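Participant: What follows is the file structure.cif, containing mmCIF, C-alpha atoms:
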```cif
data_run
#
loop_
_atom_site.group_PDB
_atom_site.id
_atom_site.type_symbol
_atom_site.label_atom_id
_atom_site.label_comp_id
_atom_site.auth_asym_id
_atom_site.auth_seq_id
_atom_site.Cartn_x
_atom_site.Cartn_y
_atom_site.Cartn_z
ATOM 1 C CA MET A 87 41.200 -79.550 50.246
ATOM 2 C CA SER A 88 40.165 -79.234 46.616
ATOM 3 C CA GLN A 89 39.947 -76.002 44.699
ATOM 4 C CA ALA A 90 37.067 -75.182 42.366
ATOM 5 C CA LEU A 91 38.009 -74.752 38.722
ATOM 6 C CA ASP A 92 37.712 -71.161 37.559
ATOM 7 C CA ASN A 93 36.685 -70.954 33.907
ATOM 8 C CA THR A 94 37.038 -67.174 33.834
ATOM 9 C CA PRO A 95 39.465 -66.142 31.090
ATOM 10 C CA PRO A 96 42.527 -64.250 32.290
ATOM 11 C CA PRO A 97 42.415 -60.470 31.940
ATOM 12 C CA LEU A 98 43.774 -59.033 28.714
ATOM 13 C CA HIS A 99 47.138 -57.356 29.107
ATOM 14 C CA HIS A 100 48.049 -54.876 26.437
ATOM 15 C CA ASP A 101 51.820 -55.271 26.429
ATOM 16 C CA HIS A 102 51.754 -54.212 22.791
ATOM 17 C CA PRO A 103 49.588 -51.408 21.458
ATOM 18 C CA PRO A 104 46.886 -52.542 19.060
ATOM 19 C CA MET A 105 47.191 -52.143 15.329
ATOM 20 C CA GLN A 106 44.447 -50.629 13.190
ATOM 21 C CA LEU A 107 43.649 -50.325 9.517
ATOM 22 C CA ALA A 108 43.756 -46.827 8.025
ATOM 23 C CA ASN A 109 43.506 -45.079 4.668
ATOM 24 C CA VAL A 110 46.273 -42.704 3.593
ATOM 25 C CA LEU A 111 44.659 -39.354 2.817
ATOM 26 C CA GLY A 112 47.744 -37.273 2.072
ATOM 27 C CA THR A 113 51.260 -36.234 2.948
ATOM 28 C CA VAL A 114 52.519 -33.468 5.204
ATOM 29 C CA THR A 115 55.299 -30.993 4.481
ATOM 30 C CA ALA A 116 56.672 -29.136 7.480
ATOM 31 C CA THR A 117 59.712 -26.879 7.224
ATOM 32 C CA VAL A 118 59.810 -26.426 11.000
ATOM 33 C CA LYS A 119 59.220 -29.506 13.130
ATOM 34 C CA HIS A 120 60.423 -31.327 16.231
ATOM 35 C CA SER A 121 64.034 -32.424 15.858
ATOM 36 C CA SER A 122 63.052 -36.101 16.247
ATOM 37 C CA LEU A 123 61.034 -35.846 13.016
ATOM 38 C CA ALA A 124 63.925 -34.641 10.844
ATOM 39 C CA GLY A 125 63.973 -36.737 7.671
ATOM 40 C CA ALA A 126 60.750 -38.591 8.534
ATOM 41 C CA LYS A 127 57.948 -38.827 5.957
ATOM 42 C CA LEU A 128 54.677 -37.721 7.521
ATOM 43 C CA LEU A 129 51.309 -38.993 6.312
ATOM 44 C CA VAL A 130 47.723 -38.009 7.067
ATOM 45 C CA VAL A 131 45.879 -41.260 7.774
ATOM 46 C CA GLN A 132 42.234 -41.961 8.542
ATOM 47 C CA PRO A 133 41.858 -44.801 11.076
ATOM 48 C CA LEU A 134 39.001 -47.164 10.163
ATOM 49 C CA LEU A 135 36.451 -49.139 12.145
ATOM 50 C CA SER A 136 36.480 -52.921 11.753
ATOM 51 C CA ASP A 137 34.058 -52.692 8.806
ATOM 52 C CA ARG A 138 36.890 -50.941 6.880
ATOM 53 C CA THR A 139 34.470 -48.309 5.498
ATOM 54 C CA LYS A 140 33.649 -45.987 8.403
ATOM 55 C CA ALA A 141 36.119 -43.545 9.927
ATOM 56 C CA ASP A 142 37.232 -44.177 13.502
ATOM 57 C CA GLY A 143 37.680 -40.657 14.813
ATOM 58 C CA ASP A 144 39.600 -37.831 13.217
ATOM 59 C CA PRO A 145 42.461 -38.182 10.718
ATOM 60 C CA GLN A 146 45.871 -38.541 12.366
ATOM 61 C CA LEU A 147 49.492 -37.882 11.466
ATOM 62 C CA ALA A 148 51.671 -40.978 11.142
ATOM 63 C CA ILE A 149 55.336 -41.647 10.436
ATOM 64 C CA ASP A 150 55.684 -43.632 7.198
ATOM 65 C CA THR A 151 57.996 -46.650 7.459
ATOM 66 C CA VAL A 152 56.805 -48.561 4.370
ATOM 67 C CA ALA A 153 56.728 -46.004 1.503
ATOM 68 C CA ALA A 154 52.928 -45.729 1.543
ATOM 69 C CA GLY A 155 51.099 -43.387 -0.803
ATOM 70 C CA VAL A 156 47.807 -41.558 -1.020
ATOM 71 C CA GLY A 157 44.929 -44.029 -1.355
ATOM 72 C CA ASP A 158 46.817 -46.954 0.194
ATOM 73 C CA LEU A 159 45.249 -49.128 2.886
ATOM 74 C CA VAL A 160 47.787 -49.407 5.699
ATOM 75 C CA MET A 161 48.222 -50.821 9.177
ATOM 76 C CA ILE A 162 49.050 -48.255 11.864
ATOM 77 C CA THR A 163 50.159 -48.652 15.464
ATOM 78 C CA SER A 164 50.638 -46.330 18.414
ATOM 79 C CA ASP A 165 53.634 -48.286 19.721
ATOM 80 C CA GLY A 166 55.778 -45.554 21.274
ATOM 81 C CA ARG A 167 58.826 -47.783 21.696
ATOM 82 C CA LEU A 168 58.765 -48.632 17.988
ATOM 83 C CA LEU A 169 58.523 -44.940 17.070
ATOM 84 C CA ARG A 170 61.415 -43.994 19.352
ATOM 85 C CA ASP A 171 63.513 -46.752 17.755
ATOM 86 C CA ILE A 172 62.552 -45.715 14.197
ATOM 87 C CA LEU A 173 63.285 -42.060 14.886
ATOM 88 C CA ASN A 174 66.354 -42.828 17.026
ATOM 89 C CA SER A 175 65.018 -40.500 19.708
ATOM 90 C CA ASP A 176 64.230 -40.899 23.401
ATOM 91 C CA ALA A 177 61.461 -38.319 23.115
ATOM 92 C CA THR A 178 59.173 -37.577 20.187
ATOM 93 C CA PRO A 179 55.729 -35.993 19.864
ATOM 94 C CA ALA A 180 54.787 -38.564 17.196
ATOM 95 C CA ARG A 181 52.105 -41.071 18.170
ATOM 96 C CA TYR A 182 51.358 -43.261 15.127
ATOM 97 C CA SER A 183 53.515 -45.104 12.640
ATOM 98 C CA VAL A 184 52.584 -46.944 9.466
ATOM 99 C CA VAL A 185 53.908 -50.495 9.789
ATOM 100 C CA ALA A 186 52.387 -52.331 6.794
ATOM 101 C CA LEU A 187 50.880 -51.893 3.351
ATOM 102 C CA VAL A 188 47.719 -54.010 3.303
ATOM 103 C CA ASP A 189 47.096 -56.010 0.118
ATOM 104 C CA ASP A 190 43.964 -57.871 1.180
ATOM 105 C CA VAL A 191 41.744 -58.402 4.208
ATOM 106 C CA THR A 192 39.855 -61.663 4.712
ATOM 107 C CA ASP A 193 36.805 -61.469 6.944
ATOM 108 C CA PHE A 194 36.231 -64.658 8.892
ATOM 109 C CA SER A 195 33.605 -63.201 11.230
ATOM 110 C CA SER A 196 30.685 -64.529 9.165
ATOM 111 C CA ARG A 197 32.021 -68.080 9.034
ATOM 112 C CA LYS A 198 30.040 -70.593 11.011
ATOM 113 C CA GLN A 199 31.904 -72.160 13.889
ATOM 114 C CA GLY A 200 32.187 -75.927 13.836
ATOM 115 C CA PRO A 201 31.370 -78.013 16.880
ATOM 116 C CA THR A 202 33.661 -77.536 19.834
ATOM 117 C CA ARG A 203 35.268 -80.480 21.509
#
```
Can you turn what I pasted into structure tokens?
Facilitator:
Amino acid sequence: MSQALDNTPPPLHHDHPPMQLANVLGTVTATVKHSSLAGAKLLVVQPLLSDRTKADGDPQLAIDTVAAGVGDLVMITSDGRLLRDILNSDATPARYSVVALVDDVTDFSSRKQGPTR
């Protein structure tokens, strides 16, 4: 008995939270904060849509891991496991962390696709 070939792509599994570009708007100073945030540098970041010009929602707080500054274009992630490791805490209210300073973005979406084989 033969089986029909199924050309349906497998479902996407998000084992790792997505990363997103963001602009650093400012820094946060908090004299009283959750104990897991002691010593962490907090940034106000504005997540961006894929066009890199329009805001994607409201500004967010992020833990800085790369010495980012105001005006920098950064990559953020909501990877909770990474944050718990960075902060050495099993529980933290933090959601986002800055994981890269972005030097350049190349847009390949307008490139014409060659023939497929």
Participant: Which distance in Å separates CA of Asn174 in chain A and CA of Asp144 in chain A, to one decimal?
Facilitator: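 One can read the CA of Asn174 in chain A to CA of Asp144 in chain A distance as 27.5 Å.
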Participant: Residues within 10 Å of (46.5, -57.8, 14.3), file coordinates, counting only C-alpha atoms: what are they? Give the list as JSON, numbers by chain.
Facilitator: {"A": [104, 105, 106, 107, 161, 163]}
Participant: Can you spit out the residues from that selection as a compact mmCIF listing (two decimals), keeping the file's coordinate frame, using C-alpha atoms?
Facilitator:
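Result saved to part_30.txt:
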```txt
# COMPACT_ATOMS: atom_id res chain seq x y z
CA PRO A 104 46.89 -52.54 19.06
CA MET A 105 47.19 -52.14 15.33
CA GLN A 106 44.45 -50.63 13.19
CA LEU A 107 43.65 -50.32 9.52
CA MET A 161 48.22 -50.82 9.18
CA THR A 163 50.16 -48.65 15.46
```
Participant: Between CA of Gly155 in chain A and CA of Ala141 in chain A, what is the distance, to one decimal in Å?
Facilitator: 18.4 Å
Participant: Leu187 in chain A: which residues within 9 Å, counting only C-alpha atoms, same-chain residues fewer than 5 positions away excluded, as an NGL selection string?
Facilitator: :A and (152-154 or 158-161)
Participant: CA of Thr192 in chain A to CA of Lys140 in chain A: how many Å, to one decimal?
Facilitator: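 Between these atoms lies a distance of 17.3 Å.
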Participant: I'd like to know which of A:Thr113, A:Ser195, A:Ser183, A:Thr151 is closest to Leu129 in chain A, using all atoms listed in the file.
Facilitator: A:Thr113
Participant: Under the rule that all atoms listed in the file are counted, which of A:Ala108, A:Ala177, A:Leu168, A:Ile149 is the nearest residue to Ser121 in chain A?
Facilitator: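 Of all the options, A:Ala177 lies closest to Ser121 in chain A.
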Participant: Can you translate the PyMOL selection byres ((chain A and resi 114-118) around 8) into the concrete residues it hits in this file, as a compact mmCIF listing (two decimals) with C-alpha atoms, in the coordinates of the input?
Facilitator:
```
# COMPACT_ATOMS: atom_id res chain seq x y z
CA GLY A 112 47.74 -37.27 2.07
CA THR A 113 51.26 -36.23 2.95
CA LYS A 119 59.22 -29.51 13.13
CA HIS A 120 60.42 -31.33 16.23
CA LYS A 127 57.95 -38.83 5.96
CA LEU A 128 54.68 -37.72 7.52
CA LEU A 129 51.31 -38.99 6.31
CA VAL A 130 47.72 -38.01 7.07
```
Participant: Under the rule that only C-alpha atoms are counted, which of A:Asp176, A:Gly157, A:Leu147, A:Arg138 is the nearest residue to Val191 in chain A?
Facilitator: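 The answer is A:Arg138, which sits nearest to Val191 in chain A.
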Participant: List the residues matched by the PyMOL selection byres ((chain A and resi 170) around 12) in the displayed structure as an mmCIF file with C-alpha atoms, keeping the file's coordinate frame, ordered by chain and then by residue number.
Facilitator:
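Contents of part20.cif, freshly written:
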```
data_model
loop_
_atom_site.group_PDB
_atom_site.id
_atom_site.type_symbol
_atom_site.label_atom_id
_atom_site.label_comp_id
_atom_site.auth_asym_id
_atom_site.auth_seq_id
_atom_site.Cartn_x
_atom_site.Cartn_y
_atom_site.Cartn_z
ATOM 1 C CA SER A 122 63.052 -36.101 16.247
ATOM 2 C CA LEU A 123 61.034 -35.846 13.016
ATOM 3 C CA ILE A 149 55.336 -41.647 10.436
ATOM 4 C CA SER A 164 50.638 -46.330 18.414
ATOM 5 C CA ASP A 165 53.634 -48.286 19.721
ATOM 6 C CA GLY A 166 55.778 -45.554 21.274
ATOM 7 C CA ARG A 167 58.826 -47.783 21.696
ATOM 8 C CA LEU A 168 58.765 -48.632 17.988
ATOM 9 C CA LEU A 169 58.523 -44.940 17.070
ATOM 10 C CA ASP A 171 63.513 -46.752 17.755
ATOM 11 C CA ILE A 172 62.552 -45.715 14.197
ATOM 12 C CA LEU A 173 63.285 -42.060 14.886
ATOM 13 C CA ASN A 174 66.354 -42.828 17.026
ATOM 14 C CA SER A 175 65.018 -40.500 19.708
ATOM 15 C CA ASP A 176 64.230 -40.899 23.401
ATOM 16 C CA ALA A 177 61.461 -38.319 23.115
ATOM 17 C CA THR A 178 59.173 -37.577 20.187
ATOM 18 C CA PRO A 179 55.729 -35.993 19.864
ATOM 19 C CA ALA A 180 54.787 -38.564 17.196
ATOM 20 C CA ARG A 181 52.105 -41.071 18.170
ATOM 21 C CA TYR A 182 51.358 -43.261 15.127
ATOM 22 C CA SER A 183 53.515 -45.104 12.640
#
```
